[in-house]
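Report on one structure; see the data block that follows.
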Amino acid sequence: MNVEFINPFLSSMLNVMSTMAQMELIPEKPRLKKNEVAMGDVSGLIGMVSDQAKGSLSITFEGGLALATMKKMVGEAPDEVNEEIIDLVGEITNMVTGGAKRMLSEKGIEFDMATPIVVSGANHSIHHKAKGPIVIIPLKNELGRAYIEFSFDE
């Protein structure tokens, strides 16, 4: 998997969380994910297609971090993952992908994006739109974890 393609998404995720929610996320070591079960409670998934690659990205939040993110972004949050949190994760997925798209465009890599799909619930599945391996990068914060996943056709 091309690091040149992944780094803008990771950088954009860290930037969105820092600027929009005043939260610092610390990336941990990337690893291969062996199944489709999400590591958290709510996930945004977006498909991407370019001349260079076809694949998808997902951003998964543990419930506590999703609630804390909403509280920091809008000043209040529900007590549990609900439609507002699901919408928020969809918006964050859009912002992250948009930021990465800008960075990649500067390198001459253009791609089209689908509308994000948001899935929630314990042990929900993430079905990537590519046949390649799934790389997952855990992101930690004192309020919980987020996970960013990538899968691209080989």
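All residue names refer to the structure tokens as shown: chains lettered A, B, ... in order, residues numbered from 1 in each chain, ligands numbered from 1 in order.
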
DSSP-assigned strand (DSSP E) members of segment 20-111 of chain A, reported as a PyMOL selection string: chain A and resi 26-27+31-33+42-50+54-61+111

Counting only C-alpha atoms, which residues in segment 117-144 of chain A sit no more than 9 Å from segment 58-62 of chain A? For each one, give the nearest pair of atoms and the distance in Å, sorted by chain then residue number, as CSV.
```
residue,atom,partner,partner_atom,distance
A:Ile126,CA,A:Ser58,CA,7.7
A:His128,CA,A:Ser58,CA,8.1
A:Gly144,CA,A:Glu62,CA,6.3
```

Please produce a file of those selected residues containing C-alpha atoms, as an mmCIF file, in the first residue's frame.
```cif
data_model
loop_
_atom_site.group_PDB
_atom_site.id
_atom_site.type_symbol
_atom_site.label_atom_id
_atom_site.label_comp_id
_atom_site.auth_asym_id
_atom_site.auth_seq_id
_atom_site.Cartn_x
_atom_site.Cartn_y
_atom_site.Cartn_z
ATOM 1 C CA ILE A 126 -17.034 -2.230 7.696
ATOM 2 C CA HIS A 128 -14.274 -1.844 2.195
ATOM 3 C CA GLY A 144 -10.953 7.262 23.888
#
```

Pick from A:Ala21, A:Val16, A:Val118, A:Phe152 nearest to Met70 of chain A, counting only C-alpha atoms: A:Ala21

Those in segment 96-146 of chain A with helix (DSSP H, G or I) from DSSP, as a list in words: Val96, Thr97, Gly98, Gly99, Ala100, Lys101, Arg102, Met103, Leu104, Ser105 and Glu106 of chain A

Expected file: the selected residues, all heavy atoms, as a PDB file, in the first residue's frame:
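What ended up in part.pdb:
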```pdb
ATOM      1  N   VAL A  96     -12.171  15.051   6.549  1.00  0.00           N
ATOM      2  CA  VAL A  96     -10.873  14.371   6.451  1.00  0.00           C
ATOM      3  C   VAL A  96     -10.572  14.043   4.993  1.00  0.00           C
ATOM      4  O   VAL A  96      -9.470  14.299   4.491  1.00  0.00           O
ATOM      5  CB  VAL A  96     -10.851  13.100   7.331  1.00  0.00           C
ATOM      6  CG1 VAL A  96      -9.632  12.237   7.020  1.00  0.00           C
ATOM      7  CG2 VAL A  96     -10.876  13.482   8.808  1.00  0.00           C
ATOM      8  N   THR A  97     -11.554  13.490   4.291  1.00  0.00           N
ATOM      9  CA  THR A  97     -11.341  13.109   2.899  1.00  0.00           C
ATOM     10  C   THR A  97     -11.108  14.339   2.030  1.00  0.00           C
ATOM     11  O   THR A  97     -10.240  14.335   1.156  1.00  0.00           O
ATOM     12  CB  THR A  97     -12.531  12.288   2.378  1.00  0.00           C
ATOM     13  OG1 THR A  97     -12.789  11.229   3.293  1.00  0.00           O
ATOM     14  CG2 THR A  97     -12.239  11.686   1.025  1.00  0.00           C
ATOM     15  N   GLY A  98     -11.856  15.409   2.294  1.00  0.00           N
ATOM     16  CA  GLY A  98     -11.665  16.649   1.547  1.00  0.00           C
ATOM     17  C   GLY A  98     -10.273  17.230   1.735  1.00  0.00           C
ATOM     18  O   GLY A  98      -9.630  17.675   0.778  1.00  0.00           O
ATOM     19  N   GLY A  99      -9.792  17.211   2.979  1.00  0.00           N
ATOM     20  CA  GLY A  99      -8.435  17.706   3.251  1.00  0.00           C
ATOM     21  C   GLY A  99      -7.380  16.862   2.564  1.00  0.00           C
ATOM     22  O   GLY A  99      -6.425  17.378   1.973  1.00  0.00           O
ATOM     23  N   ALA A 100      -7.556  15.551   2.605  1.00  0.00           N
ATOM     24  CA  ALA A 100      -6.606  14.648   1.950  1.00  0.00           C
ATOM     25  C   ALA A 100      -6.659  14.829   0.437  1.00  0.00           C
ATOM     26  O   ALA A 100      -5.621  14.810  -0.239  1.00  0.00           O
ATOM     27  CB  ALA A 100      -6.905  13.198   2.323  1.00  0.00           C
ATOM     28  N   LYS A 101      -7.848  15.028  -0.082  1.00  0.00           N
ATOM     29  CA  LYS A 101      -8.011  15.222  -1.532  1.00  0.00           C
ATOM     30  C   LYS A 101      -7.232  16.454  -1.981  1.00  0.00           C
ATOM     31  O   LYS A 101      -6.569  16.436  -3.026  1.00  0.00           O
ATOM     32  CB  LYS A 101      -9.504  15.365  -1.861  1.00  0.00           C
ATOM     33  CG  LYS A 101      -9.785  15.445  -3.338  1.00  0.00           C
ATOM     34  CD  LYS A 101     -11.272  15.436  -3.621  1.00  0.00           C
ATOM     35  CE  LYS A 101     -11.497  15.510  -5.123  1.00  0.00           C
ATOM     36  NZ  LYS A 101     -12.866  15.326  -5.502  1.00  0.00           N
ATOM     37  N   ARG A 102      -7.285  17.531  -1.188  1.00  0.00           N
ATOM     38  CA  ARG A 102      -6.512  18.745  -1.505  1.00  0.00           C
ATOM     39  C   ARG A 102      -5.012  18.450  -1.525  1.00  0.00           C
ATOM     40  O   ARG A 102      -4.309  18.852  -2.443  1.00  0.00           O
ATOM     41  CB  ARG A 102      -6.803  19.835  -0.465  1.00  0.00           C
ATOM     42  CG  ARG A 102      -7.672  20.952  -0.951  1.00  0.00           C
ATOM     43  CD  ARG A 102      -7.780  22.119   0.013  1.00  0.00           C
ATOM     44  NE  ARG A 102      -7.898  21.780   1.427  1.00  0.00           N
ATOM     45  CZ  ARG A 102      -9.009  21.359   2.021  1.00  0.00           C
ATOM     46  NH1 ARG A 102     -10.113  21.197   1.328  1.00  0.00           N
ATOM     47  NH2 ARG A 102      -9.025  21.100   3.305  1.00  0.00           N
ATOM     48  N   MET A 103      -4.531  17.751  -0.481  1.00  0.00           N
ATOM     49  CA  MET A 103      -3.097  17.439  -0.406  1.00  0.00           C
ATOM     50  C   MET A 103      -2.652  16.558  -1.570  1.00  0.00           C
ATOM     51  O   MET A 103      -1.586  16.765  -2.150  1.00  0.00           O
ATOM     52  CB  MET A 103      -2.761  16.748   0.916  1.00  0.00           C
ATOM     53  CG  MET A 103      -2.782  17.659   2.118  1.00  0.00           C
ATOM     54  SD  MET A 103      -2.327  16.744   3.605  1.00  0.00           S
ATOM     55  CE  MET A 103      -3.814  16.932   4.556  1.00  0.00           C
ATOM     56  N   LEU A 104      -3.452  15.567  -1.905  1.00  0.00           N
ATOM     57  CA  LEU A 104      -3.104  14.658  -3.000  1.00  0.00           C
ATOM     58  C   LEU A 104      -3.157  15.370  -4.346  1.00  0.00           C
ATOM     59  O   LEU A 104      -2.337  15.106  -5.230  1.00  0.00           O
ATOM     60  CB  LEU A 104      -4.021  13.434  -2.995  1.00  0.00           C
ATOM     61  CG  LEU A 104      -3.751  12.453  -1.858  1.00  0.00           C
ATOM     62  CD1 LEU A 104      -4.913  11.477  -1.695  1.00  0.00           C
ATOM     63  CD2 LEU A 104      -2.442  11.703  -2.071  1.00  0.00           C
ATOM     64  N   SER A 105      -4.097  16.297  -4.494  1.00  0.00           N
ATOM     65  CA  SER A 105      -4.219  17.061  -5.730  1.00  0.00           C
ATOM     66  C   SER A 105      -2.939  17.856  -5.988  1.00  0.00           C
ATOM     67  O   SER A 105      -2.488  17.973  -7.135  1.00  0.00           O
ATOM     68  CB  SER A 105      -5.421  17.998  -5.639  1.00  0.00           C
ATOM     69  OG  SER A 105      -5.528  18.765  -6.805  1.00  0.00           O
ATOM     70  N   GLU A 106      -2.331  18.386  -4.917  1.00  0.00           N
ATOM     71  CA  GLU A 106      -1.075  19.128  -5.043  1.00  0.00           C
ATOM     72  C   GLU A 106       0.055  18.231  -5.544  1.00  0.00           C
ATOM     73  O   GLU A 106       1.031  18.707  -6.106  1.00  0.00           O
ATOM     74  CB  GLU A 106      -0.693  19.760  -3.703  1.00  0.00           C
ATOM     75  CG  GLU A 106      -1.636  20.878  -3.289  1.00  0.00           C
ATOM     76  CD  GLU A 106      -1.462  21.313  -1.839  1.00  0.00           C
ATOM     77  OE1 GLU A 106      -0.513  20.856  -1.170  1.00  0.00           O
ATOM     78  OE2 GLU A 106      -2.298  22.118  -1.381  1.00  0.00           O
TER      79      GLU A 106
END
```

Selection: 12 Å around Ser120 of chain A, only C-alpha atoms, excl. self and same-chain fewer than 2 positions, as a PyMOL selection string: chain A and resi 37-45+59-63+66+80-87+89-90+117-118+122-126

Can you spit out the residues from that selection as a PDB file, in the first residue's frame, using C-alpha atoms?
```pdb
ATOM      1  CA  VAL A  37     -15.537  -5.985  12.477  1.00  0.00           C
ATOM      2  CA  ALA A  38     -15.143  -2.356  13.542  1.00  0.00           C
ATOM      3  CA  MET A  39     -12.953  -1.556  16.538  1.00  0.00           C
ATOM      4  CA  GLY A  40     -15.327   1.149  17.806  1.00  0.00           C
ATOM      5  CA  ASP A  41     -18.981   2.164  17.967  1.00  0.00           C
ATOM      6  CA  VAL A  42     -19.598   4.422  14.962  1.00  0.00           C
ATOM      7  CA  SER A  43     -17.822   4.425  11.577  1.00  0.00           C
ATOM      8  CA  GLY A  44     -17.831   6.642   8.530  1.00  0.00           C
ATOM      9  CA  LEU A  45     -16.891   4.829   5.296  1.00  0.00           C
ATOM     10  CA  ILE A  59     -12.925   6.408  10.388  1.00  0.00           C
ATOM     11  CA  THR A  60     -14.246   4.681  13.482  1.00  0.00           C
ATOM     12  CA  PHE A  61     -14.795   6.301  16.868  1.00  0.00           C
ATOM     13  CA  GLU A  62     -15.294   4.663  20.209  1.00  0.00           C
ATOM     14  CA  GLY A  63     -18.546   6.040  21.643  1.00  0.00           C
ATOM     15  CA  ALA A  66     -17.388  10.540  19.542  1.00  0.00           C
ATOM     16  CA  GLU A  80     -25.150   8.051  23.927  1.00  0.00           C
ATOM     17  CA  VAL A  81     -24.475   7.513  20.233  1.00  0.00           C
ATOM     18  CA  ASN A  82     -27.547   8.723  18.355  1.00  0.00           C
ATOM     19  CA  GLU A  83     -28.423  10.323  14.985  1.00  0.00           C
ATOM     20  CA  GLU A  84     -26.533  13.527  15.872  1.00  0.00           C
ATOM     21  CA  ILE A  85     -23.341  11.568  16.550  1.00  0.00           C
ATOM     22  CA  ILE A  86     -23.843   9.530  13.374  1.00  0.00           C
ATOM     23  CA  ASP A  87     -24.180  12.793  11.390  1.00  0.00           C
ATOM     24  CA  VAL A  89     -18.973  11.157  12.137  1.00  0.00           C
ATOM     25  CA  GLY A  90     -20.213  11.477   8.541  1.00  0.00           C
ATOM     26  CA  ILE A 117     -21.962   5.834   4.692  1.00  0.00           C
ATOM     27  CA  VAL A 118     -22.121   5.824   8.499  1.00  0.00           C
ATOM     28  CA  ALA A 122     -21.340  -2.723  18.815  1.00  0.00           C
ATOM     29  CA  ASN A 123     -19.379  -5.068  16.544  1.00  0.00           C
ATOM     30  CA  HIS A 124     -20.713  -3.512  13.333  1.00  0.00           C
ATOM     31  CA  SER A 125     -18.974  -4.430  10.081  1.00  0.00           C
ATOM     32  CA  ILE A 126     -17.034  -2.230   7.696  1.00  0.00           C
TER      33      ILE A 126
END
```

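Compared by their closest atoms to Glu91 of chain A, and using only C-alpha atoms, the residues A:Lys54, A:Gly75, A:Pro116, A:Lys107 rank with A:Pro116 nearest.
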
Selection: 10 Å around Ala53 of chain A, only C-alpha atoms, excl. self and same-chain fewer than 5 positions, as an MDAnalysis selection string: chainID A and resid 2 5 48 109:111 130 152:154

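As for atom CA of Leu139 of chain A and atom CA of Gly121 of chain A, they are spaced 19.5 Å apart.
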
Selection: 9 Å around Pro138 of chain A, only C-alpha atoms, excl. self and same-chain fewer than 6 positions, as a PyMOL selection string: chain A and resi 26-31+145-149

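The gap separating atom CA of Met20 of chain A from atom CA of His127 of chain A is 27.6 Å, in Å to one decimal.
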
Residues within 7 Å of Gly47 of chain A, please, as a PDB file with all heavy atoms, in the first residue's frame. Count only C-alpha atoms; anything in the same chain fewer than 2 positions from it doesn't count.
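result_30.pdb, freshly written:
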```
ATOM      1  N   LEU A  45     -17.582   5.547   6.369  1.00  0.00           N
ATOM      2  CA  LEU A  45     -16.891   4.829   5.296  1.00  0.00           C
ATOM      3  C   LEU A  45     -17.123   5.585   3.999  1.00  0.00           C
ATOM      4  O   LEU A  45     -18.261   5.961   3.694  1.00  0.00           O
ATOM      5  CB  LEU A  45     -17.448   3.404   5.183  1.00  0.00           C
ATOM      6  CG  LEU A  45     -16.955   2.545   4.026  1.00  0.00           C
ATOM      7  CD1 LEU A  45     -15.480   2.209   4.182  1.00  0.00           C
ATOM      8  CD2 LEU A  45     -17.774   1.259   3.926  1.00  0.00           C
ATOM      9  N   VAL A  49     -12.123   6.767  -5.950  1.00  0.00           N
ATOM     10  CA  VAL A  49     -11.640   6.229  -7.214  1.00  0.00           C
ATOM     11  C   VAL A  49     -10.765   7.276  -7.883  1.00  0.00           C
ATOM     12  O   VAL A  49     -11.131   8.454  -7.954  1.00  0.00           O
ATOM     13  CB  VAL A  49     -12.814   5.881  -8.166  1.00  0.00           C
ATOM     14  CG1 VAL A  49     -12.296   5.339  -9.480  1.00  0.00           C
ATOM     15  CG2 VAL A  49     -13.760   4.884  -7.535  1.00  0.00           C
ATOM     16  N   GLY A  55     -10.368   2.479  -3.894  1.00  0.00           N
ATOM     17  CA  GLY A  55     -10.395   1.937  -2.548  1.00  0.00           C
ATOM     18  C   GLY A  55     -11.373   2.658  -1.665  1.00  0.00           C
ATOM     19  O   GLY A  55     -12.286   3.329  -2.130  1.00  0.00           O
ATOM     20  N   SER A  56     -11.158   2.492  -0.359  1.00  0.00           N
ATOM     21  CA  SER A  56     -12.029   3.152   0.600  1.00  0.00           C
ATOM     22  C   SER A  56     -11.278   3.445   1.889  1.00  0.00           C
ATOM     23  O   SER A  56     -10.227   2.873   2.167  1.00  0.00           O
ATOM     24  CB  SER A  56     -13.277   2.320   0.879  1.00  0.00           C
ATOM     25  OG  SER A  56     -12.946   1.034   1.323  1.00  0.00           O
ATOM     26  N   LEU A  57     -11.867   4.352   2.629  1.00  0.00           N
ATOM     27  CA  LEU A  57     -11.324   4.811   3.903  1.00  0.00           C
ATOM     28  C   LEU A  57     -12.457   4.730   4.902  1.00  0.00           C
ATOM     29  O   LEU A  57     -13.607   5.025   4.571  1.00  0.00           O
ATOM     30  CB  LEU A  57     -10.892   6.271   3.754  1.00  0.00           C
ATOM     31  CG  LEU A  57     -10.822   7.086   5.046  1.00  0.00           C
ATOM     32  CD1 LEU A  57      -9.414   7.055   5.587  1.00  0.00           C
ATOM     33  CD2 LEU A  57     -11.249   8.511   4.801  1.00  0.00           C
ATOM     34  N   MET A 113     -14.871  11.008  -4.905  1.00  0.00           N
ATOM     35  CA  MET A 113     -15.337  10.408  -3.654  1.00  0.00           C
ATOM     36  C   MET A 113     -16.826  10.138  -3.732  1.00  0.00           C
ATOM     37  O   MET A 113     -17.566  10.899  -4.345  1.00  0.00           O
ATOM     38  CB  MET A 113     -15.115  11.367  -2.478  1.00  0.00           C
ATOM     39  CG  MET A 113     -13.711  11.828  -2.283  1.00  0.00           C
ATOM     40  SD  MET A 113     -13.560  12.908  -0.830  1.00  0.00           S
ATOM     41  CE  MET A 113     -14.694  14.227  -1.176  1.00  0.00           C
ATOM     42  N   ALA A 114     -17.236   9.089  -3.066  1.00  0.00           N
ATOM     43  CA  ALA A 114     -18.657   8.814  -2.899  1.00  0.00           C
ATOM     44  C   ALA A 114     -19.155   9.588  -1.684  1.00  0.00           C
ATOM     45  O   ALA A 114     -18.379  10.223  -0.974  1.00  0.00           O
ATOM     46  CB  ALA A 114     -18.866   7.315  -2.700  1.00  0.00           C
ATOM     47  N   LYS A 129     -14.418  -1.183  -0.103  1.00  0.00           N
ATOM     48  CA  LYS A 129     -14.757  -1.309  -1.519  1.00  0.00           C
ATOM     49  C   LYS A 129     -13.570  -1.767  -2.368  1.00  0.00           C
ATOM     50  O   LYS A 129     -13.553  -1.560  -3.558  1.00  0.00           O
ATOM     51  CB  LYS A 129     -15.254   0.039  -2.058  1.00  0.00           C
ATOM     52  CG  LYS A 129     -16.326   0.693  -1.217  1.00  0.00           C
ATOM     53  CD  LYS A 129     -17.586  -0.124  -1.209  1.00  0.00           C
ATOM     54  CE  LYS A 129     -18.682   0.594  -0.449  1.00  0.00           C
ATOM     55  NZ  LYS A 129     -19.637  -0.296   0.156  1.00  0.00           N
TER      56      LYS A 129
END
```

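Note that atom CA of Lys33 of chain A and atom CA of Phe9 of chain A are 17.6 Å apart.
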